[in-house]
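What's in run35.txt: compact mmCIF, C-alpha atoms
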```
# COMPACT_ATOMS: atom_id res chain seq x y z
CA MET A 330 30.48 -12.62 -3.88
CA LYS A 331 27.96 -10.24 -5.44
CA LYS A 332 26.79 -12.92 -7.86
CA ARG A 333 26.33 -15.32 -4.96
CA ASN A 334 24.28 -12.73 -3.08
CA ALA A 335 22.14 -12.05 -6.15
CA LEU A 336 21.47 -15.77 -6.67
CA TYR A 337 20.60 -16.19 -3.00
CA ILE A 338 18.15 -13.29 -3.09
CA LEU A 339 16.55 -14.58 -6.30
CA SER A 340 16.16 -18.09 -4.86
CA LEU A 341 14.65 -16.70 -1.66
CA LEU A 342 12.25 -14.50 -3.63
CA LEU A 343 11.02 -17.38 -5.78
CA ALA A 344 10.51 -19.55 -2.69
CA LEU A 345 8.52 -16.82 -0.92
CA ILE A 346 6.33 -16.22 -3.97
CA GLN A 347 5.60 -19.93 -4.27
CA LEU A 348 4.74 -20.07 -0.56
CA GLY A 349 2.50 -17.04 -0.74
CA SER A 350 0.73 -18.07 -3.95
CA HIS A 351 -0.64 -21.18 -2.24
CA ALA A 352 -2.79 -18.79 -0.18
CA GLN A 353 -3.96 -16.56 -3.03
CA THR A 354 -7.42 -15.11 -2.61
CA ILE A 355 -9.66 -12.83 -4.61
CA GLY A 356 -12.31 -10.35 -3.56
CA GLY A 357 -13.42 -10.44 0.06
CA ASN A 358 -12.24 -13.98 0.76
CA SER A 359 -9.06 -12.99 2.62
CA SER A 360 -8.55 -11.69 6.12
CA TYR A 361 -6.87 -8.43 7.22
CA ASN A 362 -7.88 -6.59 4.05
CA PHE A 363 -6.88 -3.31 5.71
CA LEU A 364 -3.33 -4.33 4.72
CA LYS A 365 -4.23 -3.32 1.16
CA LEU A 366 -4.80 0.32 2.11
CA PRO A 367 -2.03 2.89 1.51
CA GLY A 368 -0.01 3.97 4.52
CA GLY A 369 0.57 7.61 3.67
CA PRO A 370 -0.88 10.53 1.66
CA GLN A 371 1.49 10.15 -1.27
CA ASN A 372 0.63 6.44 -1.58
CA THR A 373 -3.05 7.41 -1.62
CA ALA A 374 -2.47 10.07 -4.29
CA LEU A 375 -0.58 7.60 -6.49
CA GLY A 376 -3.68 5.41 -6.81
CA GLY A 377 -3.19 3.34 -3.67
CA ILE A 378 -0.41 1.14 -5.08
CA ASN A 379 3.04 2.25 -6.21
CA ILE A 380 6.28 0.33 -5.61
CA SER A 381 8.73 2.10 -7.93
CA ASN A 382 8.46 5.83 -7.20
CA GLN A 383 11.70 6.85 -5.44
CA ASN A 384 11.60 10.18 -3.59
CA LYS A 385 12.12 11.80 -0.18
CA ASP A 386 8.90 10.55 1.42
CA ILE A 387 9.67 7.67 3.80
CA ASN A 388 6.07 6.38 3.57
CA ILE A 389 6.87 4.89 0.17
CA ALA A 390 8.75 2.15 2.05
CA ASN A 391 5.43 1.07 3.53
CA GLN A 392 4.57 -0.05 -0.01
CA ASN A 393 8.02 -1.40 -0.97
CA PRO A 394 10.80 -1.67 1.67
CA ALA A 395 13.44 -1.69 -1.08
CA LEU A 396 12.72 2.04 -1.58
CA LEU A 397 14.43 2.90 1.72
CA ARG A 398 17.62 4.94 1.23
CA ASP A 399 20.35 6.27 3.54
CA SER A 400 19.23 9.84 2.73
CA MET A 401 16.04 9.11 4.76
CA ASP A 402 18.01 8.77 8.00
CA ALA A 403 16.33 10.19 11.13
CA GLN A 404 13.08 11.07 9.38
CA LEU A 405 9.79 10.84 11.24
CA SER A 406 6.44 10.66 9.49
CA ALA A 407 2.90 10.92 10.83
CA SER A 408 -0.39 10.92 8.93
CA PHE A 409 -4.11 10.85 9.59
CA ASN A 410 -6.77 9.50 7.25
CA ALA A 411 -10.40 10.54 7.78
CA PHE A 412 -12.47 7.75 6.24
CA PHE A 413 -16.23 7.70 6.00
CA ALA A 414 -18.61 7.10 8.94
CA GLY A 415 -16.12 8.39 11.51
CA ILE A 416 -13.48 5.75 10.80
CA GLY A 417 -9.96 6.98 11.57
CA ASN A 418 -6.63 5.69 10.28
CA TYR A 419 -3.35 6.76 11.92
CA HIS A 420 0.15 6.08 10.63
CA LEU A 421 3.52 6.68 12.32
CA MET A 422 6.93 5.78 10.84
CA TYR A 423 10.63 6.37 11.63
CA VAL A 424 13.78 5.54 9.62
CA LYS A 425 17.32 5.01 10.92
CA ASN A 426 20.44 4.46 8.85
CA ILE A 427 22.97 1.85 10.10
CA PRO A 428 26.30 2.81 8.42
CA PRO A 429 28.39 -0.18 9.62
CA LEU A 430 25.89 -2.56 7.99
CA LYS A 431 25.17 -0.25 5.05
CA MET A 432 21.53 -0.83 5.89
CA GLN A 433 18.40 1.23 6.51
CA LEU A 434 15.96 0.21 9.23
CA ALA A 435 12.44 1.51 9.74
CA ALA A 436 9.60 0.98 12.20
CA ALA A 437 5.96 1.81 11.51
CA VAL A 438 2.57 1.48 13.15
CA ILE A 439 -0.75 1.72 11.28
CA PHE A 440 -3.88 1.86 13.43
CA PHE A 441 -7.55 1.75 12.41
CA ASN A 442 -10.22 3.00 14.80
CA TYR A 443 -13.79 2.13 13.77
CA GLY A 444 -15.50 4.04 16.58
CA LYS A 445 -18.15 2.74 18.93
CA THR A 446 -20.44 -0.09 17.75
CA THR A 447 -23.57 -1.49 19.39
CA ALA A 448 -23.36 -5.16 20.36
CA THR A 449 -26.50 -7.28 19.92
CA ASP A 450 -27.43 -10.92 20.20
CA ALA A 451 -28.91 -13.04 17.39
CA ALA A 452 -32.39 -11.71 18.16
CA GLY A 453 -31.29 -8.08 17.96
CA ASN A 454 -31.32 -7.38 21.69
CA ILE A 455 -28.73 -4.77 22.68
CA MET A 456 -26.01 -6.29 24.85
CA GLY A 457 -23.77 -3.25 25.18
CA SER A 458 -21.13 -1.76 22.91
CA PHE A 459 -17.58 -2.38 21.75
CA HIS A 460 -14.79 -0.58 19.88
CA PRO A 461 -13.57 -2.56 16.82
CA MET A 462 -9.97 -1.90 15.78
CA ASP A 463 -7.11 -3.16 13.63
CA TYR A 464 -3.42 -2.39 13.74
CA VAL A 465 -0.18 -3.59 12.18
CA VAL A 466 3.38 -3.06 13.44
CA THR A 467 6.03 -3.21 10.72
CA ILE A 468 9.82 -3.50 10.92
CA SER A 469 11.60 -2.80 7.63
CA ALA A 470 15.17 -3.29 6.43
CA ALA A 471 16.81 -2.43 3.10
CA GLN A 472 20.25 -2.70 1.58
CA GLU A 473 22.06 -2.20 -1.71
CA PHE A 474 23.32 -5.52 -3.06
CA LYS A 475 24.88 -4.23 -6.30
CA PRO A 476 25.08 -0.82 -8.04
CA GLN A 477 21.60 0.51 -8.86
CA TRP A 478 19.93 -2.46 -7.15
CA HIS A 479 18.35 -2.56 -3.68
CA TYR A 480 16.35 -5.16 -1.81
CA GLY A 481 14.23 -4.86 1.30
CA ILE A 482 11.90 -6.75 3.62
CA ASN A 483 8.90 -5.84 5.76
CA LEU A 484 8.05 -7.98 8.78
CA LYS A 485 4.54 -7.36 10.13
CA TYR A 486 2.67 -8.24 13.30
CA ILE A 487 -1.09 -7.91 12.74
CA GLN A 488 -3.75 -7.56 15.45
CA SER A 489 -7.50 -7.35 14.91
CA ALA A 490 -10.36 -7.14 17.43
CA TYR A 491 -14.10 -6.92 16.77
CA GLY A 492 -15.75 -7.37 20.14
CA GLN A 493 -15.50 -11.02 21.17
CA TYR A 494 -13.83 -11.91 17.87
CA THR A 495 -10.08 -11.35 17.91
CA SER A 496 -7.28 -12.49 15.65
CA ASN A 497 -3.57 -11.93 15.08
CA GLY A 498 -1.05 -12.96 12.47
CA ILE A 499 2.35 -12.39 10.92
CA ALA A 500 3.24 -11.42 7.37
CA GLY A 501 6.19 -10.34 5.28
CA ASP A 502 6.95 -8.39 2.10
CA PHE A 503 10.01 -8.83 -0.09
CA GLY A 504 10.91 -6.11 -2.60
CA ILE A 505 13.58 -5.28 -5.17
CA THR A 506 14.22 -1.97 -6.95
CA TYR A 507 16.39 -0.92 -9.87
CA THR A 508 17.25 2.76 -10.44
CA ASP A 509 18.97 4.36 -13.43
CA GLU A 510 19.49 8.00 -12.47
CA ASN A 511 20.92 8.92 -15.88
CA LYS A 512 17.80 7.76 -17.70
CA PHE A 513 15.41 8.73 -14.86
CA ILE A 514 14.06 5.17 -14.72
CA GLN A 515 12.85 3.36 -11.60
CA VAL A 516 11.61 -0.24 -11.48
CA GLY A 517 10.16 -2.09 -8.49
CA PHE A 518 9.08 -5.67 -7.78
CA LEU A 519 7.24 -6.83 -4.67
CA ALA A 520 5.85 -10.03 -3.18
CA LYS A 521 3.41 -8.81 -0.53
CA ASN A 522 1.62 -10.18 2.55
CA MET A 523 3.20 -13.63 2.68
CA GLY A 524 2.25 -15.13 6.02
CA SER A 525 -0.46 -16.68 8.11
CA GLN A 526 -2.90 -16.11 10.95
CA ILE A 527 -1.59 -17.16 14.35
CA LYS A 528 -5.01 -16.97 15.95
CA ALA A 529 -8.17 -17.09 13.83
CA TYR A 530 -11.40 -15.22 14.52
CA GLY A 531 -13.20 -18.55 14.74
CA THR A 532 -12.24 -22.19 14.30
CA GLU A 533 -10.72 -21.93 10.81
CA LYS A 534 -7.78 -19.81 9.75
CA GLU A 535 -8.20 -17.50 6.77
CA ASP A 536 -5.76 -16.50 4.05
CA LEU A 537 -3.94 -13.18 3.91
CA PRO A 538 -4.31 -10.77 0.93
CA PHE A 539 -1.21 -12.01 -0.90
CA ASP A 540 -0.11 -9.99 -3.94
CA VAL A 541 2.69 -9.89 -6.53
CA GLN A 542 3.36 -6.45 -8.00
CA LEU A 543 5.58 -4.87 -10.65
CA GLY A 544 6.06 -1.12 -11.05
CA PHE A 545 7.77 1.27 -13.47
CA SER A 546 8.36 5.02 -13.08
CA LYS A 547 9.89 7.38 -15.63
CA LYS A 548 10.74 11.04 -15.10
CA LEU A 549 11.01 13.19 -18.19
CA SER A 550 14.29 15.02 -18.67
CA SER A 551 12.91 18.16 -20.32
CA ILE A 552 9.54 18.50 -18.53
CA PRO A 553 8.97 18.31 -14.73
CA LEU A 554 6.69 15.28 -15.07
CA GLN A 555 6.93 11.72 -13.85
CA PHE A 556 4.72 8.83 -14.95
CA SER A 557 4.16 5.55 -13.13
CA ILE A 558 2.44 2.31 -14.01
CA THR A 559 1.97 -0.42 -11.41
CA LEU A 560 0.69 -3.94 -12.08
CA HIS A 561 -0.80 -5.90 -9.19
CA HIS A 562 -2.11 -9.47 -8.66
CA LEU A 563 0.32 -10.79 -11.26
CA HIS A 564 -0.04 -14.29 -9.86
CA GLN A 565 -3.64 -14.55 -11.12
CA PHE A 566 -5.02 -13.26 -14.42
CA ASP A 567 -8.75 -13.01 -13.73
CA ILE A 568 -9.31 -10.96 -10.57
CA ARG A 569 -12.93 -10.00 -11.19
CA TYR A 570 -15.11 -10.43 -8.13
CA GLN A 571 -17.71 -13.06 -8.96
CA ASP A 572 -20.67 -13.56 -6.66
CA SER A 573 -23.70 -15.52 -7.82
CA THR A 574 -25.88 -13.74 -5.23
CA PHE A 575 -25.38 -10.35 -6.90
CA ASN A 576 -28.26 -8.97 -8.95
CA GLU A 577 -26.64 -8.30 -12.32
CA ASN A 578 -29.39 -5.85 -13.25
CA ILE A 579 -28.24 -3.59 -10.40
CA TYR A 580 -24.54 -4.32 -9.93
CA SER A 581 -22.84 -4.12 -13.27
CA ASP A 582 -19.57 -5.52 -11.95
CA ASN A 583 -20.95 -9.06 -11.58
CA SER A 584 -19.07 -10.11 -14.69
CA ALA A 585 -19.02 -13.87 -14.30
CA ASN A 586 -20.44 -14.30 -17.79
CA LYS A 587 -18.29 -11.65 -19.47
CA LYS A 588 -15.28 -12.57 -21.59
CA PHE A 589 -13.70 -9.14 -21.96
CA THR A 590 -9.96 -9.80 -22.01
CA THR A 591 -9.11 -6.08 -22.11
CA ASP A 592 -11.11 -5.45 -18.95
CA LYS A 593 -9.37 -8.35 -17.19
CA ILE A 594 -5.97 -6.90 -18.10
CA PHE A 595 -6.70 -3.31 -17.04
CA ARG A 596 -7.98 -4.41 -13.64
CA HIS A 597 -4.33 -5.14 -12.83
CA VAL A 598 -3.26 -1.57 -13.72
CA VAL A 599 -2.74 1.52 -11.54
CA LEU A 600 -1.61 4.72 -13.29
CA ALA A 601 -0.13 7.89 -11.77
CA THR A 602 1.35 11.20 -12.87
CA GLN A 603 3.32 13.70 -10.82
CA PHE A 604 4.00 17.30 -11.77
CA TYR A 605 6.73 19.29 -10.03
CA ILE A 606 6.59 23.06 -9.59
CA GLY A 607 10.18 23.87 -8.76
CA ASP A 608 11.58 21.69 -5.98
CA LYS A 609 8.96 22.66 -3.38
CA ILE A 610 5.55 21.77 -4.87
CA GLU A 611 4.42 18.33 -6.05
CA LEU A 612 1.03 17.61 -7.65
CA THR A 613 -0.15 14.02 -8.09
CA VAL A 614 -3.01 12.34 -9.95
CA GLY A 615 -3.68 8.59 -9.74
CA TYR A 616 -6.13 6.14 -11.29
CA ASN A 617 -6.98 2.65 -10.00
CA HIS A 618 -9.03 0.76 -12.60
CA LEU A 619 -9.93 -2.19 -10.35
CA ARG A 620 -11.36 0.16 -7.75
CA ARG A 621 -13.38 2.03 -10.36
CA THR A 622 -14.91 -1.07 -11.93
CA GLU A 623 -15.74 -2.75 -8.61
CA LEU A 624 -17.50 0.36 -7.31
CA LYS A 625 -19.55 0.98 -10.44
CA ILE A 626 -23.32 0.70 -10.14
CA SER A 627 -25.10 0.50 -13.49
CA SER A 628 -28.04 2.63 -12.38
CA GLY A 629 -25.89 5.61 -11.41
CA SER A 630 -22.89 7.69 -12.41
CA ASN A 631 -19.42 6.40 -11.58
CA GLY A 632 -18.13 9.92 -11.03
CA PHE A 633 -14.56 10.11 -9.73
CA ASN A 634 -14.46 6.53 -8.42
CA GLY A 635 -10.95 5.15 -8.78
CA MET A 636 -9.36 8.60 -9.02
CA SER A 637 -7.01 10.14 -6.45
CA PHE A 638 -5.27 13.50 -6.09
CA GLY A 639 -2.42 14.77 -3.96
CA LEU A 640 -0.44 17.87 -3.02
CA GLY A 641 3.02 17.97 -1.48
CA VAL A 642 4.79 21.03 -0.06
CA LEU A 643 8.42 20.04 0.42
CA PHE A 644 11.13 21.75 2.48
CA ASN A 645 14.47 20.46 3.74
CA LYS A 646 13.33 20.14 7.33
CA ILE A 647 9.68 19.30 6.85
CA GLN A 648 7.19 18.04 4.25
CA PHE A 649 3.44 18.60 4.25
CA ARG A 650 1.22 16.28 2.23
CA TYR A 651 -2.47 16.02 1.46
CA ALA A 652 -4.34 13.43 -0.60
CA THR A 653 -7.90 12.47 -1.43
CA GLY A 654 -9.17 9.23 -2.92
CA TYR A 655 -12.65 8.46 -4.26
CA TYR A 656 -14.67 5.41 -3.25
CA GLN A 657 -17.99 7.13 -4.04
CA ASN A 658 -18.86 9.03 -7.19
CA THR A 659 -18.93 12.47 -5.58
CA LYS A 660 -17.23 12.08 -2.19
CA GLY A 661 -13.58 11.52 -1.40
CA TYR A 662 -11.85 10.86 1.89
CA HIS A 663 -9.08 13.14 3.12
CA GLN A 664 -5.59 12.25 4.31
CA PHE A 665 -3.04 14.60 5.86
CA GLY A 666 0.60 13.89 6.58
CA ILE A 667 3.77 15.49 7.87
CA ASN A 668 7.34 14.28 7.42
CA MET A 669 10.08 15.79 9.64
CA ASN A 670 13.82 15.52 9.17
CA LEU A 671 14.95 15.28 12.80
CA ARG A 672 18.63 15.45 11.82
CA GLU A 673 18.09 18.93 10.38
CA TYR A 674 16.04 20.07 13.38
CA PHE A 675 18.45 18.91 16.07
CA ASN A 676 21.74 19.09 14.12
CA TRP A 677 22.45 15.42 14.68
CA LYS A 678 25.67 14.09 13.24
CA GLN A 679 25.71 11.18 10.81
```

Go ahead and express the file in the form of structure tokens.
Amino acid sequence: MKKRNALYILSLLLALIQLGSHAQTIGGNSSYNFLKLPGGPQNTALGGINISNQNKDINIANQNPALLRDSMDAQLSASFNAFFAGIGNYHLMYVKNIPPLKMQLAAAVIFFNYGKTTATDAAGNIMGSFHPMDYVVTISAAQEFKPQWHYGINLKYIQSAYGQYTSNGIAGDFGITYTDENKFIQVGFLAKNMGSQIKAYGTEKEDLPFDVQLGFSKKLSSIPLQFSITLHHLHQFDIRYQDSTFNENIYSDNSANKKFTTDKIFRHVVLATQFYIGDKIELTVGYNHLRRTELKISSGSNGFNGMSFGLGVLFNKIQFRYATGYYQNTKGYHQFGINMNLREYFNWKQ
């Protein structure tokens, strides 16, 4: 029976990847690119992408639903991300364990508020104002299908509105994790954002930011350190953004004529390290090479672009998290989060 389930899951995964890869896009050619942003402070601190790091933070399931566990039952998470120019990002998530089905369910909402924007016509005449926004509602489910192996799915409803231009769509993620607690090894695989627009902004539908990811995390047995490496966009080797309208003398990342294989490989890589001070303090450093190279301007310093840092203060009933990520050489955005174990607060029975 277990072999049959494993074969069914593998067949479904391959079919979903094939379906999603038909809509692969690079750079800014896809719609709903806010789906690429991390959903919680720890995800930000880990470099923006991590699908293998198993811990007590329920926000990790926003990256890979297969990371949901029964120990996360009745946990509620909320976070706020203060982006540049007054842009706000809000995230709310709740997890519930379903013992009869041996399944974990989660619901999450991520909302982006872009503030108030002036509306003009083609000639520049002011016609009023509007409030652009994006949000995605996610339902997640995860289950163990054999010892050390879990699988999970995210189902997403996406809504976007920019004045008179509105759009909505549906998408799904499918993830698998393998955990060896004796060797402190965690492996994750994810096919992400497989779906389609239901209603386009205009007359033509656009692709979603499909991605195939593979992650590996290893915690050292003698030192309180954990290392992670995550590979993204595995379905396409060359993910450099190529735009013939760029001025190559100013923007060094216009690499259409470059043949650097090493650079092409490392653009798929996100690295992260976590250091634990006892069981209450967690320090995180992440590095996203694609982000760093795409934001580099040859005439100026690249600073901390691509770097991210995080702090976690962890108690049984509550977790506090902070993270900052750099999209400019000297300025980072700030994200704050809180994770509450409602079972501990209200003495709920399992």

Best match for closeness to Val598 in chain A among A:Gly376, A:Pro370, A:Lys445, A:Met462, counting all atoms listed in the file: A:Gly376

Nearest candidate to Tyr662 in chain A (options A:Asn384, A:Thr590, A:Asn617, A:Asn634; using only C-alpha atoms):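 Comparing A:Asn384, A:Thr590, A:Asn617, A:Asn634 against Tyr662 in chain A, the winner is A:Asn634.
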
Residues within 7 Å of (12.0, -10.6, 5.5), counting all atoms listed in the file, listed as number ranges by chain: A: 482-484, 501-503

Shortest interatomic distance to Asn522 in chain A - which of A:Ala452, A:Tyr361, A:Ser381, A:Asp463, counting all atoms listed in the file: A:Tyr361

Contact residues around Ser458 in chain A with all atoms listed in the file at 7 Å, ignoring same-chain residues under 5 positions, as a list in words: Lys445, Thr446, Thr447 and Ala448 of chain A

Filtering to C-alpha atoms, could you give me those residues as a compact mmCIF listing (two decimals), keeping the file's coordinate frame?
```txt
# COMPACT_ATOMS: atom_id res chain seq x y z
CA LYS A 445 -18.15 2.74 18.93
CA THR A 446 -20.44 -0.09 17.75
CA THR A 447 -23.57 -1.49 19.39
CA ALA A 448 -23.36 -5.16 20.36
```

Pairwise distance for CA of Gln433 in chain A and CA of Gly504 in chain A, rounded to one decimal in Å: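 If I compute the distance from CA of Gln433 in chain A to CA of Gly504 in chain A, I get 13.9 Å.
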
Tyr480 in chain A environment, 12 Å, all atoms listed in the file, sequence neighbours closer than 5 positions dropped, as a PyMOL selection string: chain A and resi 334-335+337-339+341-342+390+393-398+432-433+469-475+502-508+516-520

Between CA of Gln657 in chain A and CA of His460 in chain A, distance in Å (one decimal):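 Value for the CA of Gln657 in chain A-CA of His460 in chain A distance: 25.3 Å.
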
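The nearest approach to Leu640 in chain A among the residues A:Gln371, A:Gln526, A:Lys485, A:Leu364, with all atoms listed in the file taken into account, belongs to A:Gln371.
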
Selection near Thr602 in chain A, 6 Å with only C-alpha atoms, sequence-local residues under 3 positions removed, as a PyMOL selection string: chain A and resi 555-556+613-614

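Closest approach to Ser359 in chain A among A:Asn442, A:Ser637, A:Gln493, A:Ser525: A:Ser525, based on only C-alpha atoms.
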
Sel. within 12 Å of pt (13.5, 16.4, -14.6), counting only C-alpha atoms, output as a list in words: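 All residues meeting the 12 Å criterion around (13.5, 16.4, -14.6) are Glu510, Asn511, Lys512, Phe513, Ile514, Lys547, Lys548, Leu549, Ser550, Ser551, Ile552, Pro553, Leu554, Gln555, Phe556, Gln603, Phe604, Tyr605, Ile606, Gly607 and Asp608 of chain A.
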